[in-house]
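Notes to accompany the following structure.
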Amino acid sequence: MAIFDTVPFNTTRVKKVAADLALDQALKYLSRDPEQNLPRILDFAERVAPEEGQKKNIRLLKARMVGDEKIMAQIKRLVKNPRMLKNFLSIWVVNAMLLGGPQRNALMKKLGIHIPSLILVDPTSACNLRCTGCWAGEYKQTDRLEPELLDRLFNEAKELGIYWIVFSGGEPFAYPELLDVVARHPDMGFMAYTNGTLITDQVADRLAELANFSPAFSLEGWREETDARRGEGVFDKVMAAMDRLRERSVYFGASVTVTRNNIETLFSDEYMDFLVDKGATYVWSFHYIPIGRGPNLDMMITPEQRAWLVKRVAEIRTTKPILVADFWNDGHFTGGCIAGGRMYFHINAAGMVEPCAFVHFATDNIRDKSLKEILASPLFAAYQKRQPFNQNHYAPCPIIDAPQALRDIVKETGAQPTHTGAEDVLTGIQAEFLDKRSREWLQLADQLEERYFGQTREQAGK
């Protein structure tokens with residue numbers, strides 16, 4: 001591991017070839033002795049990270065992972081696909097942090113705009129399922145982004161130092177050209193939120209060949225809960241797709257929509273152990289938001305359930321060998337809301353640029369403007385000047401935690417709804433409910449803030 005001591009990491013940029021050589025050497029040692037060499041790889045990542053926030057997160061990750069037998073078991077499973085591990089580490093550490101970080105920082109200072117680290121993109125709005133309450137269910141189902149447009153977008157992203165792309169939809173694997181587009185950008189990392197029903201043996205083979213694309217399977221719980229929302233037989237198809245990827249050592253995760261009715265199931269020991277045993281390496285937790293097809297306020301988790309989830313996710317992170325991200329409760333890790341171009345934004349299949357996957361308002365279309373111009377939009381500026389939307393980071397979201405802020409942003413920028421019914425969160429019954437719910441949650445959030453961080457919201461704002 002002497003190479004870690006000879007490469008000059010104290011500079012802002014290092015030659016990519018030197019960093020890749022260091023990773024090659026590190027991975028060889030990692031496969032032989034994960035317990036001893038994982039800390040050195042994380043030290044490497046911390047040293048090359050250009051921002052203190054990134055360094056802090058890596059230190060937290062190291063404290064969580066090193067010495068944990070269950071984490072070591074996961075690491076041993078990951079090194080079974082050394083090519084995919086090398087690709088993702090190279091993209092994350094070298095491209096996105098080491099090279100992309102300073103590149104983004106320099107351009108932000110020069111251009112006077114904020115440049116996020118990833119983009120959420122819907123290649124198509126088409127989907128082979130019709131899930132109850134789908135957040136994207138009211139988009140026009142025939143919209144799609146041309147492959148040439150995606151190539152242009154990804155090339156412009158790399159010019160700005162952005163190397164991470166997440167696909168949603170619609171169903172990303174219903175887009176025939178998806179994997180061909182990914183293949184043209186081997187220096188980028190890709191993830192997709194997918195219903196999993198279209199991942200055949202042939203698709204799994206291609207994902208193994210690409211080795212820079214990780215699917216996240218949408219689940220609602222066990223067979224009963226998943227099929228009730230997504231259709232009969234869907235759960236079994238997802239399980240079969242997971243098996244195909246595990247057999248090929250392709251990294252994958254789960255994406256769960258947390259509702260009032262399934263929260264205890266999703267975050268039970270039994271369910272988390274089940275996902276680990278299936279081969280999932282991460283879980284993205286999305287609280288149900290009443291937008292899209294047939295918004296149902298009764299599906300939202302209660303303030304008490306949300307408070308329980310804060311404690312429960314913390315327990316899972318210290319007892320289970322799987323990464324869990326709970327976006328609405330993890331504001332302390334991200335400094336509040338990550339949307340509006342701060343850390344990410346959303347391009348739907350019609351090309352409309354939205355601040356967030358769940359905020360269906362836009363002022364611009366990616367077909368008409370460059371990515372650089374999009375990032376300078378008044379909509380993003382209005383978002384960013386209000387972030388964080390609450391000083392208490394347990395309440396980061398402008399939809400459910402600070403609904404008046406979202407109304408103000410839409411009014412100030414003239415942003416238009418991107419489908420029929422998107423505006424319902426701003427007025428009427430939904431708006432009244434969200435106002436009431438946000439007040440109720442802030443009371444509990446303040447108690448959590450004082451319990452875990454020793455300060456009130458007012459003190460945090462000073």
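Note on naming: chains are A, B, ... as they come in the structure tokens, residues start from 1 per chain, ligands start from 1 in the order shown.
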Can you pull out every residue within 8 Å of region 383-387 of chain A, counting only C-alpha atoms, but drop anything in the same chain fewer than 3 positions away, and send it as a PDB file with C-alpha atoms, in the first residue's frame?
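Result file around_34.pdb:
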ATOM      1  CA  GLY A 336     -31.374  20.687   4.720  1.00  0.00           C
ATOM      2  CA  CYS A 337     -33.180  20.318   1.390  1.00  0.00           C
ATOM      3  CA  GLY A 340     -33.420  23.170  -6.500  1.00  0.00           C
ATOM      4  CA  GLY A 341     -29.954  22.685  -7.980  1.00  0.00           C
ATOM      5  CA  ARG A 342     -28.244  22.747  -4.596  1.00  0.00           C
ATOM      6  CA  PRO A 355     -36.449  21.614  -8.629  1.00  0.00           C
ATOM      7  CA  LEU A 379     -36.492  29.188 -10.117  1.00  0.00           C
ATOM      8  CA  PHE A 380     -33.304  27.656  -8.757  1.00  0.00           C
ATOM      9  CA  ASN A 390     -36.214  25.529   8.351  1.00  0.00           C
ATOM     10  CA  ALA A 405     -42.100  28.703   1.038  1.00  0.00           C
ATOM     11  CA  ILE A 409     -41.309  30.377  -4.882  1.00  0.00           C
TER      12      ILE A 409
END
Mind running region 237-345 of chain A against region 358-373 of chain A at 9 Å and telling me each contacting residue's nearest atom pair with the distance in Å (one decimal), counting only C-alpha atoms, chain and number ascending, as a tab-separated table?
residue	atom	partner	partner_atom	distance
A:Ile289	CA	A:Phe358	CA	7.3
A:Pro290	CA	A:Phe358	CA	8.9
A:Ile291	CA	A:Phe358	CA	7.0
A:Gly292	CA	A:Phe358	CA	8.5
Pick out each residue of region 278-353 of chain A that DSSP on the backbone tags as alpha helix (DSSP H); I need them as a count of residues only. 22
Need to verify the contact set: Pro172 (chain A), 7 Å, only C-alpha atoms, exclusion of same-chain residues closer than 3 positions in sequence. Can you return it as a list in words?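 Contacts, in chain order: Pro123, Thr124, Phe167, Ser168, Gly169, Tyr175, Ala192 and Thr194 of chain A.
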Filtering to N, CA and C atoms, could you give me those residues as a PDB file, in the first residue's frame?
ATOM      1  N   PRO A 123     -35.769   9.376 -18.683  1.00  0.00           N
ATOM      2  CA  PRO A 123     -35.643   9.173 -20.130  1.00  0.00           C
ATOM      3  C   PRO A 123     -37.008   9.030 -20.805  1.00  0.00           C
ATOM      4  N   THR A 124     -37.960   8.419 -20.088  1.00  0.00           N
ATOM      5  CA  THR A 124     -39.293   8.194 -20.643  1.00  0.00           C
ATOM      6  C   THR A 124     -40.321   8.271 -19.534  1.00  0.00           C
ATOM      7  N   PHE A 167     -31.595   7.783 -12.922  1.00  0.00           N
ATOM      8  CA  PHE A 167     -32.757   7.688 -13.797  1.00  0.00           C
ATOM      9  C   PHE A 167     -34.015   7.386 -12.989  1.00  0.00           C
ATOM     10  N   SER A 168     -35.117   8.016 -13.406  1.00  0.00           N
ATOM     11  CA  SER A 168     -36.428   7.636 -12.878  1.00  0.00           C
ATOM     12  C   SER A 168     -37.385   7.638 -14.062  1.00  0.00           C
ATOM     13  N   GLY A 169     -38.671   7.781 -13.806  1.00  0.00           N
ATOM     14  CA  GLY A 169     -39.586   7.732 -14.936  1.00  0.00           C
ATOM     15  C   GLY A 169     -41.008   8.038 -14.514  1.00  0.00           C
ATOM     16  N   TYR A 175     -37.183   2.278 -21.683  1.00  0.00           N
ATOM     17  CA  TYR A 175     -36.536   3.140 -22.679  1.00  0.00           C
ATOM     18  C   TYR A 175     -35.550   2.279 -23.460  1.00  0.00           C
ATOM     19  N   ALA A 192     -30.736   3.746 -11.200  1.00  0.00           N
ATOM     20  CA  ALA A 192     -32.095   3.876 -11.720  1.00  0.00           C
ATOM     21  C   ALA A 192     -33.092   3.380 -10.688  1.00  0.00           C
ATOM     22  N   THR A 194     -36.341   1.612 -10.392  1.00  0.00           N
ATOM     23  CA  THR A 194     -36.988   0.729 -11.348  1.00  0.00           C
ATOM     24  C   THR A 194     -37.999  -0.177 -10.652  1.00  0.00           C
TER      25      THR A 194
END
Would you mind listing what lies within 10 Å of Gln202 (chain A) as a PyMOL selection string, with only C-alpha atoms counted and same-chain residues fewer than 5 positions away left out? chain A and resi 207-208+244
Would you kindly return, as a compact mmCIF listing (two decimals) with C-alpha atoms, in the first residue's frame, each protein, DNA or RNA residue with an atom no farther than 12 Å from any atom of Arg152 (chain A), considering only C-alpha atoms and excluding same-chain residues fewer than 2 positions away?
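Result written to selection-v6.txt:
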# COMPACT_ATOMS: atom_id res chain seq x y z
CA LEU A 145 -35.98 12.39 -24.18
CA GLU A 146 -34.10 11.59 -27.37
CA PRO A 147 -30.80 9.67 -26.94
CA GLU A 148 -28.98 12.56 -28.60
CA LEU A 149 -30.42 14.94 -26.02
CA LEU A 150 -29.28 12.67 -23.18
CA PHE A 154 -24.35 14.18 -19.95
CA ASN A 155 -21.48 15.78 -21.86
CA GLU A 156 -22.48 19.21 -20.57
CA ALA A 157 -22.71 17.76 -17.06
CA LYS A 158 -19.14 16.46 -17.22
CA GLU A 159 -17.94 19.83 -18.45
CA VAL A 181 -26.59 5.65 -23.78
CA ARG A 184 -21.27 5.86 -24.22
CA HIS A 185 -20.43 7.41 -20.84
CA ILE A 366 -33.62 21.39 -21.33
CA ARG A 367 -34.31 21.33 -25.08
CA LYS A 369 -31.30 25.92 -22.93
CA SER A 370 -27.89 24.58 -22.02
CA LEU A 371 -27.35 22.99 -18.64
I'd like to know which of A:Pro50, A:Pro295, A:Pro215, A:Gly221 is closest to Ala241 (chain A), using only C-alpha atoms. A:Pro215
Near Ala382 (chain A), within 9 Å and counting only C-alpha atoms, which residues show up once chain neighbours fewer than 5 positions away are dropped, as a PyMOL selection string? chain A and resi 340+377+408-410+412-413
Which residues, written as a PyMOL selection string, have at least one atom at most 12 Å from Asp330 (chain A), with only C-alpha atoms counted and residues fewer than 5 positions away on the same chain left out? chain A and resi 284-287+306-307+309-311+313-314+324-325+335-338+392-397
CA of Thr281 (chain A) to CA of Trp135 (chain A) measures 24.6 Å
Here is a test: counting only C-alpha atoms, which residue of A:Glu354, A:Glu304, A:Glu440, A:Asp298 is nearest to Val121 (chain A)?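 Looking only at the distances to Val121 (chain A), the closest residue turns out to be A:Glu354.
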Pick from A:Ile41, A:Thr200, A:Thr319, A:Gly253, whichever lies nearest to Ala22 (chain A) using only C-alpha atoms: A:Ile41
Write down as an NGL selection string the residues of region 70-296 of chain A whose backbone DSSP state falls under strand (DSSP E or B). :A and (118-121 or 124 or 144 or 164-167 or 189-194 or 213-219 or 253-258 or 282-287)
Under the rule that only C-alpha atoms are counted, which of A:Ser249, A:Asn296, A:Thr132, A:Thr142 is the nearest residue to Glu220 (chain A)?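 Closest to Glu220 (chain A), using only C-alpha atoms: A:Thr132.
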